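For reference, query26.cif is printed below; it contains mmCIF, C-alpha atoms, pLDDT in the B column; chains and numbers go by the auth columns.
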```
data_start
loop_
_atom_site.group_PDB
_atom_site.id
_atom_site.type_symbol
_atom_site.label_atom_id
_atom_site.label_comp_id
_atom_site.label_asym_id
_atom_site.label_seq_id
_atom_site.Cartn_x
_atom_site.Cartn_y
_atom_site.Cartn_z
_atom_site.B_iso_or_equiv
_atom_site.auth_seq_id
_atom_site.auth_asym_id
ATOM 1 C CA MET A 1 0.000 0.000 0.000 89.00 322 A
ATOM 2 C CA LEU A 2 1.316 3.419 -0.952 95.00 323 A
ATOM 3 C CA ILE A 3 0.479 6.454 1.202 97.00 324 A
ATOM 4 C CA ARG A 4 0.592 9.457 -1.116 97.00 325 A
ATOM 5 C CA HIS A 5 0.235 13.155 -0.369 97.00 326 A
ATOM 6 C CA VAL A 6 -2.276 14.638 -2.815 97.00 327 A
ATOM 7 C CA ASP A 7 -2.884 18.121 -4.159 96.00 328 A
ATOM 8 C CA GLU A 8 -5.824 19.902 -5.738 96.00 329 A
ATOM 9 C CA ASP A 9 -5.341 18.170 -9.097 97.00 330 A
ATOM 10 C CA ASP A 10 -6.140 14.898 -7.325 97.00 331 A
ATOM 11 C CA TRP A 11 -9.610 16.155 -6.399 97.00 332 A
ATOM 12 C CA PRO A 12 -11.497 13.393 -8.324 97.00 333 A
ATOM 13 C CA THR A 13 -9.677 10.688 -6.348 97.00 334 A
ATOM 14 C CA VAL A 14 -10.269 12.457 -3.044 97.00 335 A
ATOM 15 C CA ARG A 15 -13.923 13.050 -3.911 97.00 336 A
ATOM 16 C CA ASP A 16 -14.458 9.397 -4.816 96.00 337 A
ATOM 17 C CA VAL A 17 -12.839 7.977 -1.683 96.00 338 A
ATOM 18 C CA ARG A 18 -14.525 10.555 0.570 96.00 339 A
ATOM 19 C CA LEU A 19 -17.964 9.791 -0.878 96.00 340 A
ATOM 20 C CA ARG A 20 -17.303 6.077 -0.483 96.00 341 A
ATOM 21 C CA ALA A 21 -16.350 6.698 3.156 95.00 342 A
ATOM 22 C CA LEU A 22 -19.572 8.633 3.763 95.00 343 A
ATOM 23 C CA ARG A 23 -21.613 5.835 2.127 95.00 344 A
ATOM 24 C CA GLU A 24 -19.917 3.098 4.133 93.00 345 A
ATOM 25 C CA SER A 25 -19.626 4.874 7.512 88.00 346 A
ATOM 26 C CA PRO A 26 -22.276 7.618 7.568 86.00 347 A
ATOM 27 C CA ASP A 27 -22.228 8.010 11.362 78.00 348 A
ATOM 28 C CA ALA A 28 -18.450 8.368 11.668 78.00 349 A
ATOM 29 C CA PHE A 29 -18.118 11.826 10.138 81.00 350 A
ATOM 30 C CA GLY A 30 -19.304 15.337 10.847 79.00 351 A
ATOM 31 C CA SER A 31 -20.690 15.701 7.328 85.00 352 A
ATOM 32 C CA SER A 32 -23.194 13.773 5.246 88.00 353 A
ATOM 33 C CA LEU A 33 -23.163 12.023 1.895 93.00 354 A
ATOM 34 C CA ALA A 34 -26.064 14.160 0.643 93.00 355 A
ATOM 35 C CA ARG A 35 -24.150 17.353 1.486 94.00 356 A
ATOM 36 C CA GLU A 36 -20.831 16.338 -0.079 95.00 357 A
ATOM 37 C CA GLU A 37 -22.372 14.835 -3.210 96.00 358 A
ATOM 38 C CA ARG A 38 -23.446 18.396 -4.062 97.00 359 A
ATOM 39 C CA PHE A 39 -19.901 19.816 -3.915 97.00 360 A
ATOM 40 C CA ALA A 40 -18.589 21.172 -7.211 97.00 361 A
ATOM 41 C CA GLU A 41 -15.055 20.655 -8.485 97.00 362 A
ATOM 42 C CA SER A 42 -14.137 24.116 -7.177 97.00 363 A
ATOM 43 C CA HIS A 43 -15.093 23.109 -3.634 96.00 364 A
ATOM 44 C CA TRP A 44 -12.982 19.928 -3.742 97.00 365 A
ATOM 45 C CA ARG A 45 -10.024 21.909 -5.101 97.00 366 A
ATOM 46 C CA MET A 46 -10.408 24.584 -2.413 96.00 367 A
ATOM 47 C CA ARG A 47 -10.573 21.896 0.260 94.00 368 A
ATOM 48 C CA LEU A 48 -7.299 20.412 -0.977 96.00 369 A
ATOM 49 C CA ARG A 49 -5.616 23.835 -1.165 95.00 370 A
ATOM 50 C CA THR A 50 -6.500 24.628 2.453 93.00 371 A
ATOM 51 C CA SER A 51 -5.610 21.296 4.056 95.00 372 A
ATOM 52 C CA THR A 52 -3.045 18.526 3.791 97.00 373 A
ATOM 53 C CA THR A 53 -4.421 15.211 2.554 97.00 374 A
ATOM 54 C CA TRP A 54 -3.046 11.727 1.948 98.00 375 A
ATOM 55 C CA VAL A 55 -4.632 8.741 0.229 98.00 376 A
ATOM 56 C CA ALA A 56 -3.750 5.088 0.582 97.00 377 A
ATOM 57 C CA LEU A 57 -3.437 3.421 -2.825 96.00 378 A
ATOM 58 C CA ASP A 58 -3.262 -0.326 -3.390 94.00 379 A
ATOM 59 C CA ASP A 59 -0.925 -1.951 -5.924 93.00 380 A
ATOM 60 C CA SER A 60 -3.373 -1.266 -8.757 94.00 381 A
ATOM 61 C CA GLY A 61 -3.673 2.440 -7.802 92.00 382 A
ATOM 62 C CA GLU A 62 -7.148 2.012 -6.299 93.00 383 A
ATOM 63 C CA PRO A 63 -7.729 4.359 -3.332 95.00 384 A
ATOM 64 C CA ARG A 64 -8.331 2.408 -0.111 96.00 385 A
ATOM 65 C CA GLY A 65 -8.087 5.109 2.522 96.00 386 A
ATOM 66 C CA LEU A 66 -7.880 8.800 3.272 96.00 387 A
ATOM 67 C CA VAL A 67 -6.775 11.223 5.975 97.00 388 A
ATOM 68 C CA THR A 68 -6.711 15.020 6.124 96.00 389 A
ATOM 69 C CA LEU A 69 -4.848 17.386 8.424 96.00 390 A
ATOM 70 C CA ILE A 70 -6.198 20.881 9.108 95.00 391 A
ATOM 71 C CA GLN A 71 -5.635 23.884 11.331 90.00 392 A
ATOM 72 C CA GLU A 72 -8.847 23.601 13.335 85.00 393 A
ATOM 73 C CA PRO A 73 -10.505 26.969 14.001 83.00 394 A
ATOM 74 C CA GLY A 74 -10.038 27.963 17.623 81.00 395 A
ATOM 75 C CA SER A 75 -7.253 25.475 18.320 82.00 396 A
ATOM 76 C CA PRO A 76 -3.685 26.469 19.240 82.00 397 A
ATOM 77 C CA GLU A 77 -1.395 27.552 16.393 85.00 398 A
ATOM 78 C CA ASP A 78 0.980 24.667 17.150 91.00 399 A
ATOM 79 C CA ASP A 79 -1.739 21.996 16.853 93.00 400 A
ATOM 80 C CA ARG A 80 -2.918 20.280 13.683 95.00 401 A
ATOM 81 C CA HIS A 81 -6.157 18.354 13.571 94.00 402 A
ATOM 82 C CA VAL A 82 -6.897 14.993 11.920 95.00 403 A
ATOM 83 C CA VAL A 83 -10.184 14.750 10.029 93.00 404 A
ATOM 84 C CA SER A 84 -11.706 12.338 7.531 90.00 405 A
ATOM 85 C CA LEU A 85 -9.644 9.277 8.493 94.00 406 A
ATOM 86 C CA TRP A 86 -11.172 6.277 6.750 95.00 407 A
ATOM 87 C CA VAL A 87 -9.985 2.883 5.503 95.00 408 A
ATOM 88 C CA ALA A 88 -11.981 0.692 3.128 96.00 409 A
ATOM 89 C CA PRO A 89 -13.583 -2.257 4.980 94.00 410 A
ATOM 90 C CA GLU A 90 -11.946 -4.868 2.729 94.00 411 A
ATOM 91 C CA VAL A 91 -8.445 -3.748 3.789 93.00 412 A
ATOM 92 C CA ARG A 92 -8.970 -2.879 7.453 92.00 413 A
ATOM 93 C CA ARG A 93 -6.680 -4.321 10.127 90.00 414 A
ATOM 94 C CA GLN A 94 -3.735 -4.354 7.721 91.00 415 A
ATOM 95 C CA GLY A 95 -1.937 -1.307 9.115 92.00 416 A
ATOM 96 C CA ILE A 96 -3.344 1.223 6.635 95.00 417 A
ATOM 97 C CA GLY A 97 -5.051 3.358 9.267 93.00 418 A
ATOM 98 C CA TRP A 98 -1.821 3.332 11.249 93.00 419 A
ATOM 99 C CA SER A 99 0.151 4.407 8.154 95.00 420 A
ATOM 100 C CA LEU A 100 -2.309 7.198 7.356 96.00 421 A
ATOM 101 C CA LEU A 101 -2.126 8.471 10.948 95.00 422 A
ATOM 102 C CA ASP A 102 1.663 8.312 10.810 95.00 423 A
ATOM 103 C CA ALA A 103 1.620 10.434 7.637 96.00 424 A
ATOM 104 C CA ALA A 104 -0.634 12.961 9.377 96.00 425 A
ATOM 105 C CA VAL A 105 1.559 13.133 12.499 96.00 426 A
ATOM 106 C CA ARG A 106 4.692 13.490 10.369 95.00 427 A
ATOM 107 C CA GLY A 107 2.924 16.144 8.318 95.00 428 A
ATOM 108 C CA GLY A 108 1.983 18.025 11.468 95.00 429 A
ATOM 109 C CA ALA A 109 5.574 17.869 12.712 94.00 430 A
ATOM 110 C CA ALA A 110 6.816 19.141 9.330 94.00 431 A
ATOM 111 C CA GLN A 111 4.409 22.082 9.684 93.00 432 A
ATOM 112 C CA GLY A 112 5.893 22.874 13.105 93.00 433 A
ATOM 113 C CA ALA A 113 3.018 21.499 15.153 95.00 434 A
ATOM 114 C CA ALA A 114 3.789 20.358 18.685 95.00 435 A
ATOM 115 C CA THR A 115 0.619 18.258 18.765 95.00 436 A
ATOM 116 C CA VAL A 116 -1.818 16.515 16.463 96.00 437 A
ATOM 117 C CA SER A 117 -5.357 16.088 17.741 96.00 438 A
ATOM 118 C CA LEU A 118 -8.624 14.496 16.688 95.00 439 A
ATOM 119 C CA TRP A 119 -12.174 13.970 17.881 92.00 440 A
ATOM 120 C CA VAL A 120 -13.602 10.464 18.148 90.00 441 A
ATOM 121 C CA VAL A 121 -17.180 9.447 18.847 88.00 442 A
ATOM 122 C CA ASP A 122 -17.506 7.559 22.133 86.00 443 A
ATOM 123 C CA ASP A 123 -19.173 4.519 20.599 85.00 444 A
ATOM 124 C CA ASN A 124 -16.515 4.001 17.884 86.00 445 A
ATOM 125 C CA ALA A 125 -14.445 1.460 19.820 89.00 446 A
ATOM 126 C CA SER A 126 -12.341 0.345 16.848 88.00 447 A
ATOM 127 C CA ALA A 127 -11.284 3.953 16.137 90.00 448 A
ATOM 128 C CA VAL A 128 -10.475 4.569 19.805 92.00 449 A
ATOM 129 C CA ASP A 129 -8.367 1.407 19.817 92.00 450 A
ATOM 130 C CA LEU A 130 -6.452 2.491 16.704 92.00 451 A
ATOM 131 C CA TYR A 131 -5.807 5.998 18.032 94.00 452 A
ATOM 132 C CA VAL A 132 -4.613 4.795 21.426 94.00 453 A
ATOM 133 C CA ARG A 133 -2.306 2.200 19.829 91.00 454 A
ATOM 134 C CA ALA A 134 -0.986 4.990 17.555 92.00 455 A
ATOM 135 C CA GLY A 135 0.036 7.056 20.585 93.00 456 A
ATOM 136 C CA PHE A 136 -2.932 9.385 21.012 96.00 457 A
ATOM 137 C CA THR A 137 -4.112 10.054 24.570 96.00 458 A
ATOM 138 C CA ARG A 138 -7.451 11.159 25.965 95.00 459 A
ATOM 139 C CA THR A 139 -7.753 14.808 26.915 95.00 460 A
ATOM 140 C CA GLY A 140 -11.047 14.615 28.794 94.00 461 A
ATOM 141 C CA GLU A 141 -12.338 17.398 26.538 94.00 462 A
ATOM 142 C CA ARG A 142 -15.788 16.368 25.362 94.00 463 A
ATOM 143 C CA GLN A 143 -18.486 17.780 23.132 91.00 464 A
ATOM 144 C CA VAL A 144 -21.835 16.825 21.710 91.00 465 A
ATOM 145 C CA LEU A 145 -21.533 15.486 18.176 82.00 466 A
ATOM 146 C CA PRO A 146 -22.643 18.412 15.986 76.00 467 A
ATOM 147 C CA ARG A 147 -24.765 16.246 13.659 75.00 468 A
ATOM 148 C CA ASP A 148 -26.310 14.118 16.431 81.00 469 A
ATOM 149 C CA PRO A 149 -26.876 15.710 19.854 87.00 470 A
ATOM 150 C CA ASP A 150 -27.593 12.282 21.381 89.00 471 A
ATOM 151 C CA ARG A 151 -23.956 11.260 20.869 86.00 472 A
ATOM 152 C CA THR A 152 -20.728 12.665 22.312 90.00 473 A
ATOM 153 C CA GLU A 153 -17.123 12.691 21.223 91.00 474 A
ATOM 154 C CA GLU A 154 -13.802 13.161 22.977 94.00 475 A
ATOM 155 C CA ARG A 155 -10.649 14.923 21.859 94.00 476 A
ATOM 156 C CA TYR A 156 -7.438 12.881 21.716 96.00 477 A
ATOM 157 C CA VAL A 157 -3.947 14.328 21.269 96.00 478 A
ATOM 158 C CA ARG A 158 -0.485 13.109 20.320 96.00 479 A
ATOM 159 C CA HIS A 159 2.775 15.015 20.664 94.00 480 A
ATOM 160 C CA THR A 160 4.968 15.254 17.600 92.00 481 A
ATOM 161 C CA ASP A 161 8.721 15.178 17.299 75.00 482 A
ATOM 162 C CA PRO A 162 9.573 18.019 14.894 52.00 483 A
ATOM 163 C CA GLY A 163 13.288 17.186 15.151 48.00 484 A
ATOM 164 C CA GLY A 164 12.908 13.685 13.786 45.00 485 A
ATOM 165 C CA LEU A 165 10.333 10.989 13.226 44.00 486 A
ATOM 166 C CA ALA A 166 6.914 11.579 14.698 42.00 487 A
ATOM 167 C CA GLY A 167 6.126 9.704 17.779 44.00 488 A
#
```

Here is a file; write its structure as structure tokens.
Amino acid sequence: MLIRHVDEDDWPTVRDVRLRALRESPDAFGSSLAREERFAESHWRMRLRTSTTWVALDDSGEPRGLVTLIQEPGSPEDDRHVVSLWVAPEVRRQGIGWSLLDAAVRGGAAQGAATVSLWVVDDNASAVDLYVRAGFTRTGERQVLPRDPDRTEERYVRHTDPGGLAG
């Protein structure tokens, strides 16, 4: 599996894998399939210009996963935030999620971030397990899930190592 940083010219690939993620795991994200299916090319390009995104590609070039790193509004300048992490069900538990997270943490370190953070829904035990094994720790900071007020999520954080490898 190849983890590749993408740019705005890769918008069709990012769109396709993101829409697949929203179809397969509609409750795992802060957005909806119906909303993102309406995005025009210009929106996908803008999204890729204002964030850092990686895709996981299998040996045939088929996208099997995605992760994006952003500067979350309201968060410290030296923190980067993981969003949109998803791995195709047929290739889960093969280290792809780990590799995508590693790319994001390394990317955050390269951008000078001291920490990389993410929000995870309380009832997503497999995601919590992955994040904890990847070195993220609970912060105790909690919020109601914006799309579903009956569910809550917690912020996790991992320190980067800007002088060398993340972790």

Give as a ChimeraX atom specification the residues that the PyMOL selection byres ((chain A and resi 443) around 9) matches when applied to the coordinates above. /A:441-442,444-446,449,472-475

Which of these, A:Ala349, A:Leu390, A:Val412, A:Leu343, has the shortest distance to Ala424 (chain A) once you count only C-alpha atoms? A:Leu390

Per residue of region 399-431 of chain A within 6 Å of region 372-386 of chain A, what are the shortest atom pair and its distance in Å to one decimal, counting all atoms listed in the file, with rows by chain and residue number, as CSV?
```
residue,atom,partner,partner_atom,distance
A:Trp407,CA,A:Gly386,CA,5.4
A:Val408,CA,A:Gly386,CA,4.2
A:Ala409,CA,A:Arg385,CA,5.2
```

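For the pair CA of Trp365 (chain A) and CA of Phe350 (chain A), the separation is 16.9 Å.
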
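With CA of Leu406 (chain A) on one side and CA of Glu362 (chain A) on the other, the separation reads 21.1 Å.
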
Evaluate the PyMOL selection byres ((chain A and resi 454-456) around 8) and report residues as a ChimeraX atom specification: /A:419,422-423,450-453,457-458,479,488

Would you save the residues from that selection as a tab-separated table (two decimals), keeping the file's coordinate frame, using C-alpha atoms?
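Contents of again.tsv, as written:
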```
chain	number	residue	atom	x	y	z
A	419	TRP	CA	-1.82	3.33	11.25
A	422	LEU	CA	-2.13	8.47	10.95
A	423	ASP	CA	1.66	8.31	10.81
A	450	ASP	CA	-8.37	1.41	19.82
A	451	LEU	CA	-6.45	2.49	16.70
A	452	TYR	CA	-5.81	6.00	18.03
A	453	VAL	CA	-4.61	4.80	21.43
A	457	PHE	CA	-2.93	9.38	21.01
A	458	THR	CA	-4.11	10.05	24.57
A	479	ARG	CA	-0.48	13.11	20.32
A	488	GLY	CA	6.13	9.70	17.78
```

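CA of Gln415 (chain A) lies 14.5 Å from CA of Leu387 (chain A).
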
Evaluate the PyMOL selection byres ((chain A and resi 331) around 12) here and jot the selected residues down as a CSV table (one decimal) with C-alpha atoms, in the coordinates of the input.
```csv
chain,number,residue,atom,x,y,z
A,325,ARG,CA,0.6,9.5,-1.1
A,326,HIS,CA,0.2,13.2,-0.4
A,327,VAL,CA,-2.3,14.6,-2.8
A,328,ASP,CA,-2.9,18.1,-4.2
A,329,GLU,CA,-5.8,19.9,-5.7
A,330,ASP,CA,-5.3,18.2,-9.1
A,332,TRP,CA,-9.6,16.2,-6.4
A,333,PRO,CA,-11.5,13.4,-8.3
A,334,THR,CA,-9.7,10.7,-6.3
A,335,VAL,CA,-10.3,12.5,-3.0
A,336,ARG,CA,-13.9,13.0,-3.9
A,337,ASP,CA,-14.5,9.4,-4.8
A,338,VAL,CA,-12.8,8.0,-1.7
A,362,GLU,CA,-15.1,20.7,-8.5
A,365,TRP,CA,-13.0,19.9,-3.7
A,366,ARG,CA,-10.0,21.9,-5.1
A,367,MET,CA,-10.4,24.6,-2.4
A,368,ARG,CA,-10.6,21.9,0.3
A,369,LEU,CA,-7.3,20.4,-1.0
A,370,ARG,CA,-5.6,23.8,-1.2
A,374,THR,CA,-4.4,15.2,2.6
A,375,TRP,CA,-3.0,11.7,1.9
A,376,VAL,CA,-4.6,8.7,0.2
A,384,PRO,CA,-7.7,4.4,-3.3
```

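Candidate residues A:Ser447, A:Val426, A:Arg356, A:Ala431 were compared for distance to Arg413 (chain A), and the nearest is A:Ser447, using only C-alpha atoms.
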
Have region 353-364 of chain A completed to all heavy atoms, please, and pass it along as a short mmCIF file (atom, residue, chain, number, x, y, z; two decimals), keeping the file's coordinate frame.
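To be explicit, this is the file written out as result30.cif:
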```cif
data_model
loop_
_atom_site.label_atom_id
_atom_site.label_comp_id
_atom_site.auth_asym_id
_atom_site.auth_seq_id
_atom_site.Cartn_x
_atom_site.Cartn_y
_atom_site.Cartn_z
N SER A 353 -22.31 14.81 5.77
CA SER A 353 -23.19 13.77 5.25
C SER A 353 -22.92 13.54 3.77
O SER A 353 -22.41 14.43 3.06
CB SER A 353 -24.66 14.18 5.42
OG SER A 353 -24.97 15.25 4.57
N LEU A 354 -23.30 12.36 3.31
CA LEU A 354 -23.16 12.02 1.90
C LEU A 354 -23.97 12.99 1.04
O LEU A 354 -23.47 13.52 0.04
CB LEU A 354 -23.62 10.58 1.66
CG LEU A 354 -23.59 10.10 0.21
CD1 LEU A 354 -22.18 10.12 -0.35
CD2 LEU A 354 -24.20 8.70 0.12
N ALA A 355 -25.21 13.27 1.43
CA ALA A 355 -26.06 14.16 0.64
C ALA A 355 -25.42 15.54 0.49
O ALA A 355 -25.45 16.12 -0.59
CB ALA A 355 -27.44 14.29 1.30
N ARG A 356 -24.80 16.04 1.54
CA ARG A 356 -24.15 17.35 1.49
C ARG A 356 -22.96 17.33 0.53
O ARG A 356 -22.83 18.18 -0.34
CB ARG A 356 -23.71 17.76 2.89
CG ARG A 356 -22.95 19.07 2.93
CD ARG A 356 -22.58 19.43 4.39
NE ARG A 356 -21.83 20.66 4.42
CZ ARG A 356 -20.50 20.72 4.49
NH1 ARG A 356 -19.78 19.63 4.57
NH2 ARG A 356 -19.88 21.88 4.51
N GLU A 357 -22.08 16.34 0.69
CA GLU A 357 -20.83 16.34 -0.08
C GLU A 357 -21.02 15.90 -1.52
O GLU A 357 -20.22 16.24 -2.37
CB GLU A 357 -19.76 15.54 0.66
CG GLU A 357 -19.39 16.23 1.97
CD GLU A 357 -18.07 15.80 2.57
OE1 GLU A 357 -17.21 15.23 1.86
OE2 GLU A 357 -17.90 16.05 3.78
N GLU A 358 -22.08 15.17 -1.81
CA GLU A 358 -22.37 14.84 -3.21
C GLU A 358 -22.69 16.09 -4.02
O GLU A 358 -22.52 16.08 -5.24
CB GLU A 358 -23.56 13.87 -3.29
CG GLU A 358 -23.20 12.45 -2.98
CD GLU A 358 -24.38 11.51 -3.06
OE1 GLU A 358 -25.51 11.91 -2.71
OE2 GLU A 358 -24.17 10.36 -3.48
N ARG A 359 -23.11 17.15 -3.37
CA ARG A 359 -23.45 18.40 -4.06
C ARG A 359 -22.24 19.29 -4.31
O ARG A 359 -22.35 20.29 -5.02
CB ARG A 359 -24.50 19.18 -3.26
CG ARG A 359 -25.85 18.48 -3.21
CD ARG A 359 -26.93 19.37 -2.60
NE ARG A 359 -26.62 19.86 -1.27
CZ ARG A 359 -27.03 19.28 -0.13
NH1 ARG A 359 -27.75 18.19 -0.17
NH2 ARG A 359 -26.71 19.81 1.04
N PHE A 360 -21.08 18.97 -3.75
CA PHE A 360 -19.90 19.82 -3.92
C PHE A 360 -19.44 19.82 -5.37
O PHE A 360 -19.34 18.78 -6.01
CB PHE A 360 -18.73 19.33 -3.06
CG PHE A 360 -18.91 19.52 -1.57
CD1 PHE A 360 -18.04 18.90 -0.70
CD2 PHE A 360 -19.92 20.31 -1.03
CE1 PHE A 360 -18.16 19.06 0.67
CE2 PHE A 360 -20.05 20.47 0.34
CZ PHE A 360 -19.17 19.85 1.19
N ALA A 361 -19.13 21.00 -5.86
CA ALA A 361 -18.59 21.17 -7.21
C ALA A 361 -17.07 20.95 -7.18
O ALA A 361 -16.45 20.94 -6.12
CB ALA A 361 -18.89 22.58 -7.71
N GLU A 362 -16.51 20.80 -8.36
CA GLU A 362 -15.06 20.66 -8.48
C GLU A 362 -14.33 21.76 -7.72
O GLU A 362 -13.33 21.51 -7.03
CB GLU A 362 -14.64 20.67 -9.95
CG GLU A 362 -13.13 20.64 -10.15
CD GLU A 362 -12.71 20.72 -11.61
OE1 GLU A 362 -13.53 20.40 -12.51
OE2 GLU A 362 -11.54 21.09 -11.86
N SER A 363 -14.81 22.99 -7.83
CA SER A 363 -14.14 24.12 -7.18
C SER A 363 -14.07 23.94 -5.66
O SER A 363 -13.09 24.33 -5.03
CB SER A 363 -14.83 25.44 -7.53
OG SER A 363 -16.18 25.41 -7.11
N HIS A 364 -15.11 23.34 -5.08
CA HIS A 364 -15.09 23.11 -3.63
C HIS A 364 -14.04 22.07 -3.26
O HIS A 364 -13.30 22.25 -2.29
CB HIS A 364 -16.47 22.66 -3.13
CG HIS A 364 -16.49 22.48 -1.65
ND1 HIS A 364 -16.88 23.47 -0.79
CD2 HIS A 364 -16.12 21.42 -0.87
CE1 HIS A 364 -16.76 23.04 0.46
NE2 HIS A 364 -16.31 21.80 0.43
#
```
